[in-house]
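Colleague: Pasting my_file.pdb below, which is PDB, C-alpha atoms, pLDDT in the B column.
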ATOM      1  CA  MET Y 366     180.162 258.247  83.068  1.00 59.00           C
ATOM      2  CA  ASN Y 367     179.106 258.082  79.432  1.00 74.00           C
ATOM      3  CA  LYS Y 368     180.713 260.154  76.675  1.00 77.00           C
ATOM      4  CA  LYS Y 369     177.715 262.432  76.169  1.00 78.00           C
ATOM      5  CA  ARG Y 370     177.647 263.438  79.831  1.00 78.00           C
ATOM      6  CA  LEU Y 371     181.432 263.928  79.897  1.00 77.00           C
ATOM      7  CA  SER Y 372     181.379 266.133  76.782  1.00 76.00           C
ATOM      8  CA  TYR Y 373     178.523 268.202  78.250  1.00 77.00           C
ATOM      9  CA  ILE Y 374     180.449 268.779  81.479  1.00 76.00           C
ATOM     10  CA  LEU Y 375     183.633 269.606  79.569  1.00 73.00           C
ATOM     11  CA  MET Y 376     181.907 272.128  77.297  1.00 73.00           C
ATOM     12  CA  SER Y 377     179.957 273.775  80.111  1.00 76.00           C
ATOM     13  CA  GLU Y 378     183.016 274.157  82.338  1.00 76.00           C
ATOM     14  CA  ALA Y 379     185.790 274.817  79.834  1.00 75.00           C
ATOM     15  CA  GLY Y 380     184.007 275.597  76.553  1.00 76.00           C
ATOM     16  CA  ILE Y 381     185.282 279.157  76.155  1.00 78.00           C
ATOM     17  CA  GLY Y 382     188.834 278.079  76.996  1.00 77.00           C
ATOM     18  CA  ILE Y 383     188.736 275.315  74.406  1.00 82.00           C
ATOM     19  CA  VAL Y 384     187.420 277.695  71.743  1.00 83.00           C
ATOM     20  CA  LEU Y 385     190.083 280.279  72.611  1.00 82.00           C
ATOM     21  CA  LEU Y 386     192.802 277.639  72.399  1.00 84.00           C
ATOM     22  CA  ALA Y 387     191.482 276.457  69.013  1.00 88.00           C
ATOM     23  CA  ILE Y 388     191.453 280.021  67.665  1.00 89.00           C
ATOM     24  CA  CYS Y 389     195.038 280.587  68.853  1.00 85.00           C
ATOM     25  CA  VAL Y 390     196.176 277.366  67.178  1.00 88.00           C
ATOM     26  CA  VAL Y 391     194.481 278.294  63.898  1.00 92.00           C
ATOM     27  CA  PHE Y 392     195.972 281.801  63.904  1.00 89.00           C
ATOM     28  CA  SER Y 393     199.424 280.450  64.792  1.00 87.00           C
ATOM     29  CA  VAL Y 394     199.325 278.021  61.881  1.00 90.00           C
ATOM     30  CA  LYS Y 395     198.037 280.613  59.403  1.00 91.00           C
ATOM     31  CA  GLU Y 396     200.331 283.446  60.515  1.00 88.00           C
ATOM     32  CA  PRO Y 397     203.714 282.567  62.081  1.00 82.00           C
ATOM     33  CA  ASN Y 398     204.137 286.102  63.477  1.00 85.00           C
ATOM     34  CA  PHE Y 399     201.080 285.568  65.687  1.00 85.00           C
ATOM     35  CA  ARG Y 400     203.221 283.653  68.203  1.00 84.00           C
ATOM     36  CA  SER Y 401     205.727 286.472  68.638  1.00 87.00           C
ATOM     37  CA  ALA Y 402     206.340 287.955  72.074  1.00 87.00           C
ATOM     38  CA  LEU Y 403     205.516 291.439  70.774  1.00 90.00           C
ATOM     39  CA  ASN Y 404     202.083 290.328  69.535  1.00 87.00           C
ATOM     40  CA  ILE Y 405     201.261 288.501  72.770  1.00 84.00           C
ATOM     41  CA  SER Y 406     202.294 291.582  74.762  1.00 88.00           C
ATOM     42  CA  ASN Y 407     200.118 293.750  72.513  1.00 88.00           C
ATOM     43  CA  ILE Y 408     197.101 291.469  73.030  1.00 83.00           C
ATOM     44  CA  PHE Y 409     197.509 291.518  76.820  1.00 85.00           C
ATOM     45  CA  THR Y 410     197.868 295.309  76.772  1.00 89.00           C
ATOM     46  CA  GLN Y 411     194.650 295.688  74.780  1.00 86.00           C
ATOM     47  CA  ILE Y 412     192.594 293.396  77.022  1.00 84.00           C
ATOM     48  CA  SER Y 413     193.865 294.764  80.334  1.00 87.00           C
ATOM     49  CA  ILE Y 414     191.252 297.528  80.605  1.00 84.00           C
ATOM     50  CA  ASN Y 415     188.355 295.172  79.893  1.00 84.00           C
ATOM     51  CA  THR Y 416     189.768 292.672  82.381  1.00 85.00           C
ATOM     52  CA  VAL Y 417     189.907 295.219  85.200  1.00 87.00           C
ATOM     53  CA  ILE Y 418     186.368 296.390  84.450  1.00 83.00           C
ATOM     54  CA  SER Y 419     185.002 292.848  84.258  1.00 83.00           C
ATOM     55  CA  VAL Y 420     186.583 291.839  87.565  1.00 86.00           C
ATOM     56  CA  GLY Y 421     185.083 294.886  89.241  1.00 83.00           C
ATOM     57  CA  MET Y 422     181.662 294.223  87.721  1.00 80.00           C
ATOM     58  CA  THR Y 423     181.851 290.583  88.832  1.00 83.00           C
ATOM     59  CA  PHE Y 424     182.252 291.683  92.446  1.00 83.00           C
ATOM     60  CA  VAL Y 425     179.411 294.188  92.115  1.00 81.00           C
ATOM     61  CA  ILE Y 426     177.061 291.573  90.670  1.00 80.00           C
ATOM     62  CA  LEU Y 427     178.065 288.934  93.235  1.00 83.00           C
ATOM     63  CA  LEU Y 428     177.427 291.312  96.110  1.00 83.00           C
ATOM     64  CA  GLY Y 429     173.948 292.119  94.802  1.00 78.00           C
ATOM     65  CA  GLY Y 430     174.558 295.736  93.871  1.00 71.00           C
ATOM     66  CA  ILE Y 431     173.867 295.322  90.166  1.00 71.00           C
ATOM     67  CA  ASP Y 432     174.688 298.576  88.416  1.00 68.00           C
ATOM     68  CA  LEU Y 433     173.970 298.743  84.693  1.00 70.00           C
ATOM     69  CA  SER Y 434     175.223 302.286  84.214  1.00 75.00           C
ATOM     70  CA  VAL Y 435     178.885 301.271  83.996  1.00 74.00           C
ATOM     71  CA  GLY Y 436     178.745 300.709  80.239  1.00 77.00           C
ATOM     72  CA  SER Y 437     177.313 304.131  79.554  1.00 82.00           C
ATOM     73  CA  VAL Y 438     179.828 305.826  81.863  1.00 82.00           C
ATOM     74  CA  ILE Y 439     182.716 304.057  80.109  1.00 82.00           C
ATOM     75  CA  SER Y 440     181.331 305.137  76.721  1.00 87.00           C
ATOM     76  CA  LEU Y 441     181.059 308.735  77.892  1.00 90.00           C
ATOM     77  CA  CYS Y 442     184.611 308.686  79.275  1.00 90.00           C
ATOM     78  CA  THR Y 443     185.908 307.210  76.017  1.00 90.00           C
ATOM     79  CA  VAL Y 444     184.264 309.922  73.921  1.00 93.00           C
ATOM     80  CA  LEU Y 445     185.477 312.690  76.229  1.00 94.00           C
ATOM     81  CA  SER Y 446     188.999 311.255  76.267  1.00 93.00           C
ATOM     82  CA  GLY Y 447     188.995 311.170  72.475  1.00 93.00           C
ATOM     83  CA  LEU Y 448     187.865 314.775  72.307  1.00 94.00           C
ATOM     84  CA  VAL Y 449     190.527 315.879  74.788  1.00 95.00           C
ATOM     85  CA  ILE Y 450     193.285 314.018  72.942  1.00 93.00           C
ATOM     86  CA  THR Y 451     192.347 315.406  69.533  1.00 91.00           C
ATOM     87  CA  ASN Y 452     192.029 319.008  70.747  1.00 84.00           C
TER      88      ASN Y 452
END
I'd like the structure from this file rewritten - as structure tokens, please.
Modeller:
Amino acid sequence: MNKKRLSYILMSEAGIGIVLLAICVVFSVKEPNFRSALNISNIFTQISINTVISVGMTFVILLGGIDLSVGSVISLCTVLSGLVITN
């Protein structure tokens, strides 16, 4: 297998993972506190909601019941939650 074909396969299969790893390395070098357990816990806490929603949407799309209203419902719930919290 030539190098061009191998690099294409690598980038198409693991491109996002490689970019994420590169970003983490750059941030860790620039800011030593980035590698702290508290920061990693904070990042996982912030992405947990989007992860749950994306897994659910993946199943919906795979089963053929594509529903595009989820984004608008989440936006509405976010605005209403903000209003309830502030009042």
Colleague: Could you tell me how far CA of Ile408 (chain Y) lies from CA of Leu385 (chain Y), in Å and to one decimal?
Modeller: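 These atoms are spaced 13.2 Å apart.
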Colleague: Quick one: of Y:Met376, Y:Leu445, Y:Cys389, Y:Met422, who's nearest to Ile405 (chain Y), counting only C-alpha atoms?
Modeller: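 Among Y:Met376, Y:Leu445, Y:Cys389, Y:Met422, it is Y:Cys389 that comes nearest to Ile405 (chain Y).
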Colleague: Give the padded box for region 381-395 of chain Y as JSON: axis-aligned, covering all atoms listed in the file, 8 Å on each side, centre and edge lengths in Å to one decimal.
Modeller:
{"center_x": 192.4, "center_y": 278.6, "center_z": 68.2, "size_x": 30.1, "size_y": 22.5, "size_z": 33.6}
Colleague: CA of Ile414 (chain Y) and CA of Val435 (chain Y) are how many Å apart?
Modeller: 13.4 Å
Colleague: I'd like the interatomic distance between CA of Ile388 (chain Y) and CA of Leu371 (chain Y), to a tenth of an Å.
Modeller: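 Here the two named atoms are 22.6 Å from each other.
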Colleague: Rebuild region 416-436 of chain Y so that it carries N, CA and C atoms, then output the result as a tab-separated table (two decimals), keeping the file's coordinate frame.
Modeller:
chain	number	residue	atom	x	y	z
Y	416	THR	N	189.61	293.63	81.29
Y	416	THR	CA	189.77	292.67	82.38
Y	416	THR	C	189.53	293.33	83.73
Y	417	VAL	N	190.09	294.50	83.94
Y	417	VAL	CA	189.91	295.22	85.20
Y	417	VAL	C	188.43	295.56	85.40
Y	418	ILE	N	187.78	296.04	84.35
Y	418	ILE	CA	186.37	296.39	84.45
Y	418	ILE	C	185.52	295.15	84.73
Y	419	SER	N	185.81	294.05	84.06
Y	419	SER	CA	185.00	292.85	84.26
Y	419	SER	C	185.18	292.25	85.64
Y	420	VAL	N	186.38	292.33	86.20
Y	420	VAL	CA	186.58	291.84	87.56
Y	420	VAL	C	185.81	292.70	88.55
Y	421	GLY	N	185.85	294.00	88.37
Y	421	GLY	CA	185.08	294.89	89.24
Y	421	GLY	C	183.59	294.65	89.13
Y	422	MET	N	183.09	294.48	87.92
Y	422	MET	CA	181.66	294.22	87.72
Y	422	MET	C	181.25	292.87	88.29
Y	423	THR	N	182.15	291.89	88.25
Y	423	THR	CA	181.85	290.58	88.83
Y	423	THR	C	181.60	290.72	90.32
Y	424	PHE	N	182.45	291.48	91.01
Y	424	PHE	CA	182.25	291.68	92.45
Y	424	PHE	C	180.96	292.43	92.73
Y	425	VAL	N	180.65	293.43	91.92
Y	425	VAL	CA	179.41	294.19	92.12
Y	425	VAL	C	178.20	293.29	91.95
Y	426	ILE	N	178.19	292.46	90.92
Y	426	ILE	CA	177.06	291.57	90.67
Y	426	ILE	C	176.96	290.52	91.76
Y	427	LEU	N	178.09	289.96	92.19
Y	427	LEU	CA	178.06	288.93	93.24
Y	427	LEU	C	177.57	289.47	94.57
Y	428	LEU	N	177.86	290.72	94.85
Y	428	LEU	CA	177.43	291.31	96.11
Y	428	LEU	C	176.00	291.85	96.05
Y	429	GLY	N	175.35	291.73	94.91
Y	429	GLY	CA	173.95	292.12	94.80
Y	429	GLY	C	173.71	293.56	94.45
Y	430	GLY	N	174.73	294.32	94.23
Y	430	GLY	CA	174.56	295.74	93.87
Y	430	GLY	C	174.67	295.92	92.37
Y	431	ILE	N	173.78	295.30	91.63
Y	431	ILE	CA	173.87	295.32	90.17
Y	431	ILE	C	173.70	296.76	89.67
Y	432	ASP	N	174.68	297.21	88.93
Y	432	ASP	CA	174.69	298.58	88.42
Y	432	ASP	C	174.90	298.50	86.91
Y	433	LEU	N	173.89	298.84	86.15
Y	433	LEU	CA	173.97	298.74	84.69
Y	433	LEU	C	174.47	300.01	84.03
Y	434	SER	N	174.80	301.03	84.80
Y	434	SER	CA	175.22	302.29	84.21
Y	434	SER	C	176.72	302.30	83.89
Y	435	VAL	N	177.43	301.27	84.22
Y	435	VAL	CA	178.88	301.27	84.00
Y	435	VAL	C	179.21	301.37	82.52
Y	436	GLY	N	178.49	300.67	81.68
Y	436	GLY	CA	178.74	300.71	80.24
Y	436	GLY	C	178.57	302.10	79.66
